[in-house]
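> Can you keep this structure in mind? I'll have questions shortly.
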Amino acid sequence: MNKQFDLIVIGAGTTGIPCAVEAANLGAKVLLLEKSHEVGGTLFTSGGHMSGAGTKRQKERGIEDSHAAHLADIERISHGTARKDLSTLAVTLGTETIDWLDEQGFEFHEKAPRIVYGHEPYGVARTYYGTESGLSILKVLKRLLDERIALGGIDLRLNTGANSLIEEGGAVVGVRTAEGDFTAKNVVIATGGFGANPEMFARLEGAPLVSAAWPTSTGDGIAMAEEVGAAVAGAGTYLPTFGGLPSPDGGVRIRWDDRPLLVAKERPPHEIYVDRRGNRWVAEDEPSIDVKEHALVGIEEMTFWTFFDSAALEASQPMVIGWSTDDLKAHANVLPGVFSGNTIEETAARMGVDPAGLVSTVARYNEHVVAGADAEFGRKHLPALITEAPFYAIQNHAITLITFSGIDVDVNLRVRKTDGSIIPGLYAAGEALGAAATMGKSFCGGLLAMPAIAFGRHIARELAAEGSYTK
Ligand SMILES: Cc1cc2nc3c(=O)[nH]c(=O)nc-3n(C[C@H](O)[C@H](O)[C@H](O)COP(=O)(O)OP(=O)(O)OC[C@H]3O[C@@H](n4cnc5c(N)ncnc54)[C@H](O)[C@@H]3O)c2cc1C
């Protein structure tokens with residue numbers, strides 16, 4: 001068995017596949033290690049939204065855009081918290097990454113690019129996605145991987161997790177697996193985030209974990225990098241995705257397929273949002289999802305309930321994407337997190353919310369509706385009183401799809417120690433860097449999947465330029 005390579009890529013997902021393919025195309029002998037039985041990682045569940053400015057597809061549609069405009073949007077949305085060097089690298093590589101996918105036959109959704117409102121929106125139509133979300137990306141990457149494996153250059157080992165990095169003289173020179181040790185001039189950590197690792201999540205993000213992250217996102221690469229002295233960046237930047245139903249099995253996973261529609265621009269709210277004490281905590285019609293996400297971090301257990309009456313249920317559709325009013329009625333008091341009652345008190349008791357608190361909050365909200373102004377939170381959309389029984393509530397957790405902390409790297413994606421020095425032979429990219437690297441304490445649309453692909457290919461090319469490959 002060959003145990004000597006030019007490059008070892010740990011993780012055959014969004015980052016690892018394009019990294020390995022590009023390196024092999026440029027002459028490297030690559031070992032691609034994948035702990036799962038299949039390649040693809042988070043692409044099996046990802047929305048696969050990607051951003052890029054000045055692309056061929058934008059030009060064909062007459063959309064004017066530039067790197068400067070993309071960067072200005074990232075600066076605005078992240079309030080300057082994203083790393084300038086890495087977000088600039090992402091934006092710069094974004095154009096060619098989208099154009100490259102285009103050339104590779106990526107099946108764009110006909111509406112892409114468009115402005116997407118699920119996160120704080122960009123100023124122009126700059127978000128691209130495929131007809132099958134993340135799977136559209138995987139379709140292209142998998143085909144390229146299969147072709148490259150057939151041509152030679154990549155040794156893909158499925159069901160082969162990396163356990164640790166091998167160090168020699170302060171440099172990383174290989175990877176240890178259950179199948180034995182493998183050596184290489186360089187190692188790339190492309191193992192994804194840690195949204196499926198409650199212990200690491202508690203340690204690095206310090207928040208309650210209710211997760212919809214892909215199950216392989218257990219932070220292995222981050223732990224391995226820490227063992228050889230890598231610094232972790234991004235502390236204090238964690239942000240949840242806004243609201244999702246609890247898991248039917250009471251575990252830490254969210255029902256990602258049944259998503260409450262909470263974007264005010266897509267469904268102006270008839271409901272109020274209350275915390276466990278029954279208190280409102282944000283203007284429910286706040287147009288900025290970023291403002292809502294930041295407010296959610298501040299409430300007890302990062303959990304809230306949308307509360308509404310029968311009239312609202314009929315008037316404001318859909319409360320949960322894909323659910324009719326009859327679906328919601330059928331799920332009430334059956335499915336975890338969906339409640340109904342004939343009085344406010346009865347509903348509150350089922351919700352696990354303070355009944356007296358909820359009664360007085362609804363009374364105050366109704367006064368605001370009558371007055372035509374919300375003196376507490378400045379909500380403007382006050383369509384109707386909440387009075388008509390039965391009443392309904394949907395429990396929403398802050399959801400973790402992605403993690404924000406990760407391995408600290410320099411602008412060349414070389415892993416750094418806490419003193420800022422480089423660990424020779426060790427690179428990292430993708431969510432292993434933490435979302436904060438490119439987005440700071442915010443969600444900038446399409447700024448994880450795209451940089452994962454772009455950074456993976458970039459490392460492969462940089463190493464070729466340094467003459468790190470056999471051919
Ligand atoms: C529901 C959901 C929706 C999302 N939507 C979007 C979106 O629309 N736009 C966007 O930009 N981002 C989105 N994201 C985030 C984005 O998809 C991910 O950040 C990105 O795909 C991660 O790429 P990656 O290469 O870092 O990790 P992955 O694609 O997860 O790949 C990591 C691979 O490494 C393997 N691995 C892990 N540990 C080891 C080990 N020890 N040894 C060997 N292999 C290992 C894993 O099995 C996996 O195959 C979403 C995430 C989720 C969960």
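Letters A, B, ... go to the chains of the structure tokens in the order shown; residues in each chain start at 1; ligands are counted from 1 in the same order.
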Which residues are near A:Ala449? Cut-off 9 Å, only C-alpha atoms, ignore same chain within fewer than 5 positions. Put them as a VMD selection string.
chain A and resid 14 to 15 43 46 to 51 134 430 to 431 454
> Restrict the calculation to only C-alpha atoms and all ligand atoms, then for each residue of chain A with any atom at most 6 Å from an atom of ligand 1 give the closest atom pair and their distance in Å to one decimal, rows by chain and rising residue number, as a Markdown table.

| residue | atom | partner | partner_atom_place_in_ligand_line | distance |
| --- | --- | --- | --- | --- |
| A:Ile10 | CA | ligand 1 | 43 (C) | 5.0 |
| A:Gly11 | CA | ligand 1 | 34 (O) | 3.1 |
| A:Ala12 | CA | ligand 1 | 49 (O) | 4.7 |
| A:Gly13 | CA | ligand 1 | 31 (O) | 3.3 |
| A:Thr14 | CA | ligand 1 | 25 (O) | 3.7 |
| A:Thr15 | CA | ligand 1 | 25 (O) | 3.7 |
| A:Gly16 | CA | ligand 1 | 25 (O) | 5.8 |
| A:Leu33 | CA | ligand 1 | 43 (C) | 4.9 |
| A:Glu34 | CA | ligand 1 | 44 (N) | 3.7 |
| A:Lys35 | CA | ligand 1 | 43 (C) | 4.0 |
| A:Ser36 | CA | ligand 1 | 47 (O) | 4.9 |
| A:Val39 | CA | ligand 1 | 49 (O) | 5.4 |
| A:Gly40 | CA | ligand 1 | 49 (O) | 5.2 |
| A:Gly41 | CA | ligand 1 | 49 (O) | 3.3 |
| A:Thr42 | CA | ligand 1 | 30 (O) | 3.8 |
| A:Leu43 | CA | ligand 1 | 21 (O) | 5.3 |
| A:Thr45 | CA | ligand 1 | 1 (C) | 5.0 |
| A:Ser46 | CA | ligand 1 | 3 (C) | 3.5 |
| A:Gly47 | CA | ligand 1 | 8 (O) | 3.5 |
| A:Gly48 | CA | ligand 1 | 8 (O) | 4.1 |
| A:His49 | CA | ligand 1 | 8 (O) | 3.6 |
| A:Met50 | CA | ligand 1 | 11 (O) | 5.3 |
| A:Gly161 | CA | ligand 1 | 42 (N) | 3.3 |
| A:Ala162 | CA | ligand 1 | 42 (N) | 3.9 |
| A:Asn163 | CA | ligand 1 | 41 (N) | 5.8 |
| A:Ala190 | CA | ligand 1 | 25 (O) | 5.3 |
| A:Thr191 | CA | ligand 1 | 34 (O) | 3.5 |
| A:Gly192 | CA | ligand 1 | 27 (O) | 3.3 |
| A:Ala212 | CA | ligand 1 | 53 (C) | 5.6 |
| A:Ala213 | CA | ligand 1 | 53 (C) | 4.0 |
| A:Trp214 | CA | ligand 1 | 53 (C) | 5.4 |
| A:Thr216 | CA | ligand 1 | 47 (O) | 4.7 |
| A:Ser217 | CA | ligand 1 | 30 (O) | 5.8 |
| A:Asp220 | CA | ligand 1 | 41 (N) | 4.9 |
| A:Leu401 | CA | ligand 1 | 53 (C) | 4.2 |
| A:Ile402 | CA | ligand 1 | 51 (C) | 5.7 |
| A:Gly430 | CA | ligand 1 | 26 (O) | 3.5 |
| A:Glu431 | CA | ligand 1 | 26 (O) | 3.7 |
| A:Ala432 | CA | ligand 1 | 26 (O) | 5.5 |
| A:Gly446 | CA | ligand 1 | 11 (O) | 3.5 |
| A:Leu447 | CA | ligand 1 | 11 (O) | 4.5 |
| A:Leu448 | CA | ligand 1 | 11 (O) | 3.5 |
| A:Ala449 | CA | ligand 1 | 11 (O) | 3.7 |
| A:Met450 | CA | ligand 1 | 11 (O) | 5.9 |
| A:Ala452 | CA | ligand 1 | 23 (O) | 5.5 |
> Go ahead and save the residues from that selection, with C-alpha atoms, as a PDB file, in the first residue's frame.

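This went into out_22.pdb:
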ATOM      1  CA  ILE A  10      -8.762  15.211   5.148  1.00  0.00           C
ATOM      2  CA  GLY A  11     -12.483  15.237   4.347  1.00  0.00           C
ATOM      3  CA  ALA A  12     -14.132  14.680   0.957  1.00  0.00           C
ATOM      4  CA  GLY A  13     -16.816  17.357   1.162  1.00  0.00           C
ATOM      5  CA  THR A  14     -17.411  20.828  -0.240  1.00  0.00           C
ATOM      6  CA  THR A  15     -13.779  21.864   0.248  1.00  0.00           C
ATOM      7  CA  GLY A  16     -11.928  18.566   0.041  1.00  0.00           C
ATOM      8  CA  LEU A  33      -9.469  10.631   3.355  1.00  0.00           C
ATOM      9  CA  GLU A  34     -13.177  10.440   4.122  1.00  0.00           C
ATOM     10  CA  LYS A  35     -14.554   9.097   7.377  1.00  0.00           C
ATOM     11  CA  SER A  36     -18.037   8.525   5.974  1.00  0.00           C
ATOM     12  CA  VAL A  39     -18.243  11.733  -0.334  1.00  0.00           C
ATOM     13  CA  GLY A  40     -20.179  15.013  -0.162  1.00  0.00           C
ATOM     14  CA  GLY A  41     -20.327  16.085   3.484  1.00  0.00           C
ATOM     15  CA  THR A  42     -22.674  18.974   4.197  1.00  0.00           C
ATOM     16  CA  LEU A  43     -23.653  19.251   0.516  1.00  0.00           C
ATOM     17  CA  THR A  45     -28.233  19.098   3.288  1.00  0.00           C
ATOM     18  CA  SER A  46     -26.857  22.521   2.367  1.00  0.00           C
ATOM     19  CA  GLY A  47     -28.988  25.114   0.610  1.00  0.00           C
ATOM     20  CA  GLY A  48     -25.948  25.451  -1.606  1.00  0.00           C
ATOM     21  CA  HIS A  49     -26.363  29.199  -1.973  1.00  0.00           C
ATOM     22  CA  MET A  50     -23.174  30.798  -3.250  1.00  0.00           C
ATOM     23  CA  GLY A 161     -11.197   8.886   9.300  1.00  0.00           C
ATOM     24  CA  ALA A 162      -8.065  10.797  10.180  1.00  0.00           C
ATOM     25  CA  ASN A 163      -7.388  10.394  13.891  1.00  0.00           C
ATOM     26  CA  ALA A 190     -11.245  20.054   5.091  1.00  0.00           C
ATOM     27  CA  THR A 191     -13.331  18.330   7.760  1.00  0.00           C
ATOM     28  CA  GLY A 192     -16.105  20.940   8.136  1.00  0.00           C
ATOM     29  CA  ALA A 212     -29.440  20.961  11.945  1.00  0.00           C
ATOM     30  CA  ALA A 213     -25.782  20.553  11.027  1.00  0.00           C
ATOM     31  CA  TRP A 214     -24.747  17.539   8.972  1.00  0.00           C
ATOM     32  CA  THR A 216     -20.284  14.355  10.148  1.00  0.00           C
ATOM     33  CA  SER A 217     -19.647  17.945  11.346  1.00  0.00           C
ATOM     34  CA  ASP A 220     -12.384  16.462  14.062  1.00  0.00           C
ATOM     35  CA  LEU A 401     -26.582  25.034  10.930  1.00  0.00           C
ATOM     36  CA  ILE A 402     -23.011  26.235  10.905  1.00  0.00           C
ATOM     37  CA  GLY A 430     -14.041  25.376   4.552  1.00  0.00           C
ATOM     38  CA  GLU A 431     -16.119  25.482   7.720  1.00  0.00           C
ATOM     39  CA  ALA A 432     -13.140  24.164   9.681  1.00  0.00           C
ATOM     40  CA  GLY A 446     -23.536  32.167   0.103  1.00  0.00           C
ATOM     41  CA  LEU A 447     -20.316  32.990   1.883  1.00  0.00           C
ATOM     42  CA  LEU A 448     -19.534  29.511   3.190  1.00  0.00           C
ATOM     43  CA  ALA A 449     -20.226  27.055   0.376  1.00  0.00           C
ATOM     44  CA  MET A 450     -18.573  29.249  -2.253  1.00  0.00           C
ATOM     45  CA  ALA A 452     -15.189  26.293   0.711  1.00  0.00           C
TER      46      ALA A 452
END
> For stretch 328-335 of chain A, find every residue with an atom within 10 Å (counting only C-alpha atoms), except residues of its own chain fewer than 5 positions away, and show them as number ranges by chain.
A: 245-248, 310, 313, 318-320, 323, 340-341, 347, 350-351, 390, 392-394
> Point out the residue among A:Ala384, A:Ala428, A:Ala184, A:Leu71 with the least atom-to-atom distance to A:Leu89, counting only C-alpha atoms.
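Of all the options, A:Leu71 lies closest to A:Leu89.
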> Provide the atom CA of A:Leu31 to atom CA of A:Ala429 distance in Å, to one decimal place.
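According to the coordinates, atom CA of A:Leu31 and atom CA of A:Ala429 are separated by 16.5 Å.
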> If you count only C-alpha atoms, which residues fall within 8 Å of A:Thr303, apart from same-chain ones fewer than 6 positions away, as a PyMOL selection string?
chain A and resi 275-276+296+395-398
> Which residue gives the smallest distance to A:Ala230 among A:Lys441, A:Arg416, A:Arg176, A:Lys139, with only C-alpha atoms counted?
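Smallest separation from A:Ala230 among the options: A:Arg416.
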> Can you tell me how far atom CA of A:Lys84 sits from atom CA of A:Gly434, in Å to one decimal?
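Separation between atom CA of A:Lys84 and atom CA of A:Gly434: 14.5 Å.
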> Quick check for you: according to DSSP on this backbone, which residues of stretch 380-441 of chain A are classed as helix (DSSP H, G or I)? Reply as an MDAnalysis selection string.
chainID A and resid 430:433 436:439
> Closest to A:Ile74 among A:Ile423, A:Gly445, A:Trp281, A:Arg461, using only C-alpha atoms?
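Smallest distance to A:Ile74 is found for A:Gly445.
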> Please extract the residues of stretch 357-419 of chain A with a backbone DSSP assignment of strand (DSSP E or B) and present them as a list in words.
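Selection result, strand (DSSP E or B) within stretch 357-419 of chain A: Phe391, Tyr392, Ala393, Ile394, Gln395, Asn396, His397, Ala398, Ile399, Thr400, Gly406, Ile407, Val409, Arg414, Val415, Arg416 and Lys417 of chain A.
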> Go through A:Gly440, A:Pro383, A:Pro18, A:Gly378 one by one, measure the shortest atom-to-atom distance of each to A:Ala311 using only C-alpha atoms, and give the residue with the smallest value.
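Using only C-alpha atoms, the shortest distance to A:Ala311 belongs to A:Pro383.
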> In terms of the shortest atom-to-atom distance over only C-alpha atoms, which of A:Glu284, A:Asp6, A:Glu120, A:Glu271 is closest to A:Asp155?
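Closest to A:Asp155, using only C-alpha atoms: A:Asp6.
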> Write out as a PyMOL selection string the residues lying within 7 Å of stretch 198-207 of chain A, counting only C-alpha atoms and excluding same-chain residues fewer than 6 positions away.
chain A and resi 235-236+238+405
